[in-house]
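Listing of coords.txt, compact mmCIF, C-alpha atoms
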```txt
# COMPACT_ATOMS: atom_id res chain seq x y z
CA MET A 1 -0.97 13.95 -30.18
CA LYS A 2 -1.07 14.41 -26.39
CA ILE A 3 1.49 12.39 -24.48
CA GLY A 4 1.31 11.29 -20.85
CA GLU A 5 4.52 10.11 -19.20
CA ILE A 6 4.69 7.41 -16.55
CA ALA A 7 7.79 6.24 -14.68
CA ILE A 8 8.31 2.58 -13.85
CA ILE A 9 10.78 2.19 -11.01
CA SER A 10 12.33 -1.03 -9.79
CA HIS A 11 15.55 -2.33 -8.27
CA SER A 12 15.53 -4.88 -11.09
CA SER A 13 15.86 -3.83 -14.73
CA ARG A 14 14.20 -7.14 -15.69
CA GLN A 15 11.04 -6.37 -13.67
CA ARG A 16 10.82 -2.82 -14.95
CA ASP A 17 11.26 -3.97 -18.57
CA ASN A 18 8.81 -6.86 -18.15
CA PHE A 19 6.16 -4.37 -17.04
CA ILE A 20 6.78 -2.04 -19.99
CA ARG A 21 6.81 -4.97 -22.41
CA SER A 22 3.51 -6.23 -20.96
CA ILE A 23 1.87 -2.89 -21.75
CA CYS A 24 3.67 -1.77 -24.91
CA ARG A 25 4.49 -5.18 -26.45
CA LYS A 26 7.94 -3.91 -27.39
CA ILE A 27 10.61 -1.71 -25.84
CA ASP A 28 12.06 1.05 -28.00
CA LEU A 29 15.11 1.71 -25.84
CA GLU A 30 16.68 -0.58 -23.29
CA ASN A 31 19.85 -0.35 -21.24
CA GLU A 32 21.02 -0.91 -17.68
CA LEU A 33 19.94 2.51 -16.48
CA VAL A 34 16.74 3.34 -18.36
CA SER A 35 14.27 1.83 -20.80
CA PHE A 36 11.50 3.35 -22.86
CA GLY A 37 8.25 2.10 -24.38
CA ARG A 38 5.25 3.70 -26.11
CA PHE A 39 1.59 2.82 -25.96
CA GLU A 40 -0.81 4.61 -28.27
CA ILE A 41 -4.34 4.67 -26.88
CA ASN A 42 -5.71 6.32 -30.06
CA ASP A 43 -4.50 8.85 -32.65
CA GLN A 44 -4.84 11.67 -30.13
CA LEU A 45 -3.51 10.19 -26.92
CA GLY A 46 -0.43 8.14 -26.08
CA LEU A 47 1.47 7.03 -23.01
CA HIS A 48 5.25 6.97 -22.73
CA PHE A 49 6.79 4.65 -20.16
CA TYR A 50 10.23 5.34 -18.72
CA GLY A 51 11.77 2.42 -16.88
CA ILE A 52 14.26 3.48 -14.22
CA SER A 53 16.51 1.27 -12.10
CA ILE A 54 16.90 2.56 -8.57
CA ASP A 55 20.31 0.93 -8.10
CA LYS A 56 21.79 3.57 -10.37
CA GLN A 57 19.90 6.58 -9.05
CA ASP A 58 22.70 8.16 -7.05
CA SER A 59 25.30 8.03 -9.76
CA ASP A 60 23.73 8.76 -13.09
CA LEU A 61 20.18 10.00 -12.92
CA SER A 62 18.76 13.47 -12.40
CA TRP A 63 15.55 12.66 -10.51
CA ASP A 64 14.54 16.31 -10.29
CA LEU A 65 14.34 16.64 -14.06
CA ILE A 66 12.69 13.29 -14.65
CA SER A 67 10.14 13.39 -11.86
CA ARG A 68 8.75 16.86 -12.52
CA LYS A 69 6.96 15.85 -15.72
CA MET A 70 5.55 12.49 -14.72
CA LEU A 71 1.81 11.79 -14.69
CA GLY A 72 2.31 9.00 -12.19
CA TYR A 73 4.67 6.32 -10.92
CA VAL A 74 4.67 2.55 -10.67
CA VAL A 75 7.20 1.23 -8.14
CA ILE A 76 7.88 -2.51 -8.34
CA PHE A 77 9.60 -4.72 -5.80
CA ASP A 78 9.88 -8.46 -5.37
CA TRP A 79 7.45 -9.51 -2.61
CA GLU A 80 9.50 -12.60 -1.77
CA ASP A 81 12.77 -10.70 -1.40
CA LEU A 82 13.10 -8.52 1.70
CA ILE A 83 16.18 -6.76 0.27
CA SER A 84 14.06 -5.68 -2.68
CA LEU A 85 11.45 -4.20 -0.32
CA GLU A 86 14.15 -2.40 1.66
CA SER A 87 15.56 -0.92 -1.55
CA VAL A 88 12.28 0.78 -2.53
CA LYS A 89 11.36 2.15 0.91
CA PRO A 90 13.74 5.15 0.90
CA ILE A 91 12.76 5.97 -2.69
CA VAL A 92 9.06 5.91 -1.85
CA ASN A 93 9.59 7.99 1.32
CA GLY A 94 11.72 10.49 -0.57
CA PHE A 95 9.10 10.94 -3.29
CA ALA A 96 6.32 11.25 -0.70
CA GLU A 97 7.99 14.37 0.64
CA THR A 98 8.48 16.08 -2.70
CA LEU A 99 5.87 14.92 -5.25
CA ARG A 100 2.10 15.11 -5.58
CA ALA A 101 1.77 12.54 -8.38
CA PRO A 102 -0.03 9.23 -7.71
CA PHE A 103 2.06 6.15 -6.96
CA VAL A 104 1.12 2.50 -7.31
CA ILE A 105 3.53 0.27 -5.39
CA VAL A 106 3.52 -3.30 -6.68
CA GLY A 107 4.60 -6.35 -4.72
CA ASN A 108 5.61 -8.58 -7.63
CA VAL A 109 4.78 -12.26 -7.15
CA PRO A 110 5.78 -15.25 -9.31
CA ASP A 111 2.24 -16.63 -9.64
CA MET A 112 -0.78 -14.34 -9.48
CA SER A 113 -3.14 -17.31 -9.29
CA LYS A 114 -1.82 -17.73 -5.71
CA PRO A 115 -1.30 -14.23 -4.30
CA PRO A 116 -0.17 -13.78 -0.64
CA ILE A 117 -3.67 -12.58 0.33
CA PRO A 118 -7.00 -13.11 -1.49
CA LYS A 119 -7.44 -10.84 -4.51
CA ILE A 120 -10.65 -9.33 -3.17
CA PHE A 121 -8.61 -7.24 -0.71
CA PHE A 122 -6.55 -5.43 -3.36
CA GLN A 123 -7.77 -6.12 -6.91
CA ASP A 124 -9.95 -3.04 -7.53
CA LYS A 125 -8.51 -0.11 -5.63
CA GLY A 126 -5.33 -1.50 -4.10
CA ILE A 127 -4.56 -1.02 -0.41
CA HIS A 128 -4.61 2.59 0.72
CA LEU A 129 -1.28 3.87 2.12
CA SER A 130 -1.94 7.60 1.77
CA PRO A 131 -3.96 9.80 -0.64
CA ASN A 132 -1.19 9.51 -3.26
CA PHE A 133 0.04 5.99 -2.55
CA ARG A 134 -1.66 2.62 -3.07
CA PHE A 135 -0.23 -0.86 -2.74
CA THR A 136 -1.20 -3.87 -4.84
CA PHE A 137 0.09 -7.28 -5.80
CA GLY A 138 0.88 -8.16 -9.39
CA GLN A 139 2.81 -10.36 -11.78
CA VAL A 140 4.39 -7.73 -13.97
CA ASP A 141 5.35 -10.05 -16.82
CA GLN A 142 1.66 -10.86 -17.38
CA PRO A 143 -0.06 -8.31 -19.68
CA GLU A 144 -3.41 -8.66 -17.91
CA CYS A 145 -1.81 -7.91 -14.52
CA ALA A 146 0.21 -4.98 -15.91
CA ARG A 147 -2.96 -3.51 -17.42
CA LYS A 148 -4.74 -3.75 -14.06
CA ILE A 149 -1.88 -1.89 -12.39
CA LEU A 150 -2.00 0.80 -15.06
CA THR A 151 -5.79 1.02 -14.68
CA LEU A 152 -5.37 1.56 -10.93
CA LEU A 153 -2.91 4.40 -11.57
CA ILE A 154 -5.27 6.02 -14.10
CA ASP A 155 -8.20 5.63 -11.67
CA MET A 156 -6.15 7.50 -9.06
CA LEU A 157 -5.52 10.27 -11.58
CA LEU A 158 -9.22 10.45 -12.49
CA ASP A 159 -10.24 10.54 -8.81
CA ARG A 160 -7.94 13.50 -8.40
CA VAL A 161 -9.43 15.31 -11.39
CA GLU A 162 -12.92 14.60 -10.07
CA HIS A 163 -12.05 15.96 -6.63
CA ASN A 164 -10.61 19.10 -8.20
CA GLY A 165 -13.97 19.76 -9.81
CA PHE A 166 -13.16 19.29 -13.48
CA PHE A 167 -16.01 16.81 -13.89
CA GLN A 168 -18.60 18.90 -12.10
CA HIS A 169 -21.57 20.00 -14.18
CA LYS A 170 -21.98 23.70 -14.72
CA MET B 1 2.67 16.85 -0.90
CA PHE B 2 3.07 14.46 2.02
CA THR B 3 3.72 15.99 5.41
CA GLN B 4 4.39 13.94 8.51
CA THR B 5 2.00 14.85 11.29
CA THR B 6 2.04 13.49 14.81
CA GLU B 7 -0.08 10.48 13.86
CA THR B 8 1.10 9.49 10.41
CA LEU B 9 3.74 7.28 8.95
CA ARG B 10 5.57 7.55 5.66
CA PRO B 11 4.32 5.25 2.84
CA GLY B 12 7.55 3.21 2.93
CA ASP B 13 7.01 2.48 6.63
CA LYS B 14 3.41 1.45 5.93
CA LEU B 15 4.71 -0.89 3.23
CA ASP B 16 6.95 -2.47 5.85
CA ILE B 17 3.96 -2.92 8.19
CA LEU B 18 1.85 -4.53 5.43
CA TYR B 19 4.70 -6.92 4.64
CA ARG B 20 4.90 -8.04 8.29
CA LEU B 21 1.10 -8.22 8.66
CA PHE B 22 0.65 -10.41 5.59
CA GLN B 23 3.58 -12.64 6.56
CA GLY B 24 1.92 -13.10 9.97
CA ASP B 25 4.98 -11.60 11.74
CA ASP B 26 4.78 -10.06 15.21
CA LEU B 27 4.86 -6.25 15.05
CA GLY B 28 6.21 -5.94 18.61
CA GLN B 29 9.84 -5.56 17.56
CA LEU B 30 8.93 -2.91 15.02
CA ILE B 31 7.00 -0.98 17.68
CA ASP B 32 10.07 -1.08 19.94
CA ALA B 33 12.17 0.42 17.16
CA LEU B 34 9.82 3.33 16.34
CA ASP B 35 9.55 6.74 17.97
CA ASN B 36 6.39 7.66 19.90
CA ASN B 37 4.62 9.50 17.06
CA SER B 38 5.33 6.67 14.62
CA VAL B 39 3.95 4.11 17.09
CA VAL B 40 0.67 6.04 17.19
CA GLY B 41 0.74 6.19 13.38
CA LEU B 42 1.33 2.43 13.22
CA GLN B 43 -1.63 1.74 15.51
CA LYS B 44 -3.87 3.97 13.37
CA PHE B 45 -2.73 2.35 10.11
CA VAL B 46 -3.17 -1.22 11.40
CA TRP B 47 -6.65 -0.27 12.68
CA GLU B 48 -7.68 1.27 9.35
CA THR B 49 -6.35 -1.70 7.37
CA THR B 50 -8.01 -4.26 9.66
CA ALA B 51 -11.34 -2.40 9.52
CA GLU B 52 -11.06 -2.16 5.71
CA PHE B 53 -10.42 -5.91 5.44
CA GLY B 54 -13.27 -6.55 7.90
CA ILE B 55 -15.73 -4.59 5.76
CA ILE B 56 -14.68 -6.65 2.72
CA ALA B 57 -14.71 -10.05 4.46
CA ARG B 58 -17.72 -9.63 6.77
CA ARG B 59 -19.70 -7.23 4.58
CA LYS B 60 -22.86 -6.04 6.39
CA ASN B 61 -22.02 -8.17 9.41
CA PHE B 62 -18.87 -6.17 10.14
CA SER B 63 -18.77 -4.26 13.39
CA ARG B 64 -15.86 -2.50 15.15
CA ARG B 65 -16.82 -4.51 18.23
CA GLU B 66 -15.63 -7.75 16.68
CA ILE B 67 -12.09 -6.31 16.78
CA THR B 68 -12.25 -4.36 20.05
CA ARG B 69 -14.01 -7.04 22.12
CA LYS B 70 -10.79 -9.11 22.13
CA MET B 71 -8.79 -6.23 23.62
CA THR B 72 -8.37 -5.84 27.37
CA PRO B 73 -11.01 -3.32 28.56
CA THR B 74 -9.43 0.00 29.55
CA PRO B 75 -10.50 -0.04 33.25
CA GLN B 76 -9.08 -3.57 33.58
CA TYR B 77 -5.84 -2.53 31.88
CA GLN B 78 -5.49 0.53 34.11
CA LYS B 79 -6.09 -1.57 37.22
CA SER B 80 -3.42 -4.07 36.16
CA ARG B 81 -0.95 -1.18 35.79
CA GLY B 82 -1.92 0.54 39.04
CA CYS B 83 -3.00 3.64 37.10
CA ASN B 84 -5.21 6.18 38.89
CA GLN B 85 -5.94 8.42 35.87
CA HIS B 86 -9.47 8.81 34.52
CA THR B 87 -10.48 6.07 32.06
CA TYR B 88 -10.95 8.59 29.24
CA GLN B 89 -7.32 9.64 29.67
CA CYS B 90 -6.01 6.13 28.90
CA LYS B 91 -5.38 6.83 25.24
CA ALA B 92 -2.27 5.98 23.27
CA THR B 93 -2.21 9.41 21.67
CA GLU B 94 -1.98 11.09 25.08
CA CYS B 95 -0.31 8.61 27.43
CA ILE B 96 2.53 7.86 25.01
CA HIS B 97 4.01 11.31 25.64
CA PHE B 98 4.15 11.15 29.45
CA ASN B 99 4.08 7.41 30.15
CA PRO B 100 5.46 5.81 26.98
CA LYS B 101 6.31 2.44 28.50
CA CYS B 102 2.73 1.82 29.65
CA ALA B 103 1.19 3.20 26.44
CA ARG B 104 3.46 1.08 24.25
CA GLU B 105 2.45 -2.08 26.14
CA LYS B 106 -1.21 -1.25 25.56
CA ILE B 107 -0.63 -0.46 21.90
CA LYS B 108 1.30 -3.70 21.44
CA GLU B 109 -1.63 -5.70 22.81
CA HIS B 110 -4.12 -3.83 20.61
CA VAL B 111 -1.96 -4.24 17.49
CA LYS B 112 -1.57 -7.96 18.21
CA VAL B 113 -5.36 -8.34 18.44
CA MET B 114 -5.85 -6.37 15.22
CA ALA B 115 -3.21 -8.42 13.38
CA GLU B 116 -4.84 -11.67 14.49
CA THR B 117 -8.27 -10.40 13.43
CA LEU B 118 -6.86 -9.39 10.04
CA GLN B 119 -5.55 -12.95 9.60
CA GLU B 120 -9.06 -14.21 10.37
CA TYR B 121 -10.51 -11.98 7.64
CA ILE B 122 -7.89 -13.30 5.22
CA LYS B 123 -8.86 -16.85 6.19
CA ILE B 124 -12.58 -16.11 5.60
CA GLU B 125 -11.86 -14.86 2.07
CA ARG B 126 -9.51 -17.77 1.34
CA GLN B 127 -12.44 -20.07 2.07
CA ASN B 128 -14.70 -17.97 -0.18
CA GLU B 129 -12.25 -17.91 -3.10
CA PRO B 130 -13.33 -21.20 -4.77
CA PHE B 131 -16.96 -19.99 -4.74
CA GLU B 132 -16.01 -16.57 -6.11
CA GLU B 133 -14.04 -18.21 -8.93
CA MET B 134 -16.95 -20.52 -9.68
CA LEU B 135 -19.32 -17.53 -9.85
CA GLN B 136 -16.94 -15.70 -12.21
CA GLU B 137 -16.81 -18.73 -14.50
CA ILE B 138 -20.63 -18.94 -14.56
CA HIS B 139 -20.86 -15.26 -15.51
```
Re-express the file's structure as structure tokens.
Amino acid sequence: MKIGEIAIISHSSRQRDNFIRSICRKIDLENELVSFGRFEINDQLGLHFYGISIDKQDSDLSWDLISRKMLGYVVIFDWEDLISLESVKPIVNGFAETLRAPFVIVGNVPDMSKPPIPKIFFQDKGIHLSPNFRFTFGQVDQPECARKILTLLIDMLLDRVEHNGFFQHK
Amino acid sequence: MFTQTTETLRPGDKLDILYRLFQGDDLGQLIDALDNNSVVGLQKFVWETTAEFGIIARRKNFSRREITRKMTPTPQYQKSRGCNQHTYQCKATECIHFNPKCAREKIKEHVKVMAETLQEYIKIERQNEPFEEMLQEIH
């Protein structure tokens, strides 16, 4: 079975775990620092989700080792908490300088039926920040929202494959 | 890999700009705090985002003019500043390096216009939302 690995990064272990639970239904490993969930697409392809709390990054985590293998990243912050936004900015900027993987940055909101701006502006492709970075709103404890975020990340990966010519007809 | 050129901002900084734009905050203070290259990057990002939102909200009716017509025309701006340079030289990307104070004032006005226009696009789509939801339910 082929495995793709995706990192879920948040200042809040609850947010990160809610996202993984929304996709995988259950979490196989869960502690303050990291969590882990599996999602089997079929008998040949699966996704592994690693939840990482950014509060602990400086002390316990080797980002170099973790980040090298990742297919993509989902970075979650609380839209209504400015401190939460400030906490993800240096992480996002740091990764932008060193990694080529796609990133979806999620402004988590308590009620997706009333997002800060109308859904039409972000629901399909997110808001473009750079070729590797998109922003979107989401309610990460809702499975439908989490799936849309994951779909956006996979779309970014597929766009990249398409641009590299793998889908071109011979 | 992301490399910072003279006209780009880092994704985290763009996130900050989006937050302020969507909250309806004034970007003037942020402009004051940024270096010259980042100010040019901010202007470019706000323009791109506003145009993107305009295309979504106004569809085929969108035109760049509906954003730029609210900005002070360049000859008028130059006259108000007592500037004798050619009109084509009054560009943020150029002036900001030898007359940053004047260029920043111009950029601030342009960014304010763009931010207000973006709020208008958001308002248009807010009004459309009930109809969009109704259409989705029908389908």
Select residues of chain A: the criterion is any atom within 10 Å of an atom of chain B, counting all atoms listed in the file; output as a PyMOL selection string.
chain A and resi 79-80+82+85-86+88-101+105+107+116-122+127-135
Quick check, in Å to one decimal: how far apart do atom CA of Ile54 of chain A and atom CA of Val106 of chain A lie?
14.7 Å
Residues near Asn18 of chain A, anyone? I mean within 12 Å using only C-alpha atoms, not counting same-chain ones fewer than 2 positions away, as number ranges by chain.
A: 8-10, 12-16, 20-27, 30, 35-37, 49, 51, 76, 108, 138-143, 145-146
Requested write-out: C-alpha atoms of the selected residues, as a CSV table (one decimal), keeping the file's coordinate frame:
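File written: again-v3.csv
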```csv
chain,number,residue,atom,x,y,z
A,8,ILE,CA,8.3,2.6,-13.8
A,9,ILE,CA,10.8,2.2,-11.0
A,10,SER,CA,12.3,-1.0,-9.8
A,12,SER,CA,15.5,-4.9,-11.1
A,13,SER,CA,15.9,-3.8,-14.7
A,14,ARG,CA,14.2,-7.1,-15.7
A,15,GLN,CA,11.0,-6.4,-13.7
A,16,ARG,CA,10.8,-2.8,-15.0
A,20,ILE,CA,6.8,-2.0,-20.0
A,21,ARG,CA,6.8,-5.0,-22.4
A,22,SER,CA,3.5,-6.2,-21.0
A,23,ILE,CA,1.9,-2.9,-21.8
A,24,CYS,CA,3.7,-1.8,-24.9
A,25,ARG,CA,4.5,-5.2,-26.4
A,26,LYS,CA,7.9,-3.9,-27.4
A,27,ILE,CA,10.6,-1.7,-25.8
A,30,GLU,CA,16.7,-0.6,-23.3
A,35,SER,CA,14.3,1.8,-20.8
A,36,PHE,CA,11.5,3.4,-22.9
A,37,GLY,CA,8.2,2.1,-24.4
A,49,PHE,CA,6.8,4.6,-20.2
A,51,GLY,CA,11.8,2.4,-16.9
A,76,ILE,CA,7.9,-2.5,-8.3
A,108,ASN,CA,5.6,-8.6,-7.6
A,138,GLY,CA,0.9,-8.2,-9.4
A,139,GLN,CA,2.8,-10.4,-11.8
A,140,VAL,CA,4.4,-7.7,-14.0
A,141,ASP,CA,5.4,-10.0,-16.8
A,142,GLN,CA,1.7,-10.9,-17.4
A,143,PRO,CA,-0.1,-8.3,-19.7
A,145,CYS,CA,-1.8,-7.9,-14.5
A,146,ALA,CA,0.2,-5.0,-15.9
```
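Note that atom CA of Ile17 of chain B and atom CA of Phe98 of chain B are 25.5 Å apart.
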So, with all atoms listed in the file as the atoms that count, which of A:Gln123, A:Tyr50, A:Val161, A:Leu152 lies closest to Phe19 of chain A?
A:Tyr50
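Considering the residues A:Asp81, A:Gln44, A:Glu144, A:Pro102 and counting all atoms listed in the file, Arg160 of chain A has its shortest atom-to-atom contact with A:Pro102.
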What is the atom CA of Val39 of chain B-atom CA of Asp78 of chain A distance in Å, reported with one decimal?
26.4 Å
With 6 Å on each side, where is the centre of the axis-aligned box around all listed atoms of segment 72-91 of chain A, and how long are its edges in Å to one decimal, as AutoDock Vina command-line options?
```
--center_x 9.2 --center_y -1.8 --center_z -5.2 --size_x 25.9 --size_y 33.6 --size_z 25.9
```
Just the residues within 12 Å of Ala51 of chain B, please, counting only C-alpha atoms, with nothing from its chain fewer than 6 positions along; format it as a VMD selection string.
(chain A and resid 121) or (chain B and resid 44 to 45 57 to 59 62 to 68 114 to 115 117 to 118 121)
Just-selected residues, C-alpha atoms written as a short mmCIF file (atom, residue, chain, number, x, y, z; two decimals), in the coordinates of the input:
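In the end it all went to result29.cif:
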```
data_model
loop_
_atom_site.label_atom_id
_atom_site.label_comp_id
_atom_site.auth_asym_id
_atom_site.auth_seq_id
_atom_site.Cartn_x
_atom_site.Cartn_y
_atom_site.Cartn_z
CA PHE A 121 -8.61 -7.24 -0.71
CA LYS B 44 -3.87 3.97 13.37
CA PHE B 45 -2.73 2.35 10.11
CA ALA B 57 -14.71 -10.05 4.46
CA ARG B 58 -17.72 -9.63 6.77
CA ARG B 59 -19.70 -7.23 4.58
CA PHE B 62 -18.87 -6.17 10.14
CA SER B 63 -18.77 -4.26 13.39
CA ARG B 64 -15.86 -2.50 15.15
CA ARG B 65 -16.82 -4.51 18.23
CA GLU B 66 -15.63 -7.75 16.68
CA ILE B 67 -12.09 -6.31 16.78
CA THR B 68 -12.25 -4.36 20.05
CA MET B 114 -5.85 -6.37 15.22
CA ALA B 115 -3.21 -8.42 13.38
CA THR B 117 -8.27 -10.40 13.43
CA LEU B 118 -6.86 -9.39 10.04
CA TYR B 121 -10.51 -11.98 7.64
#
```
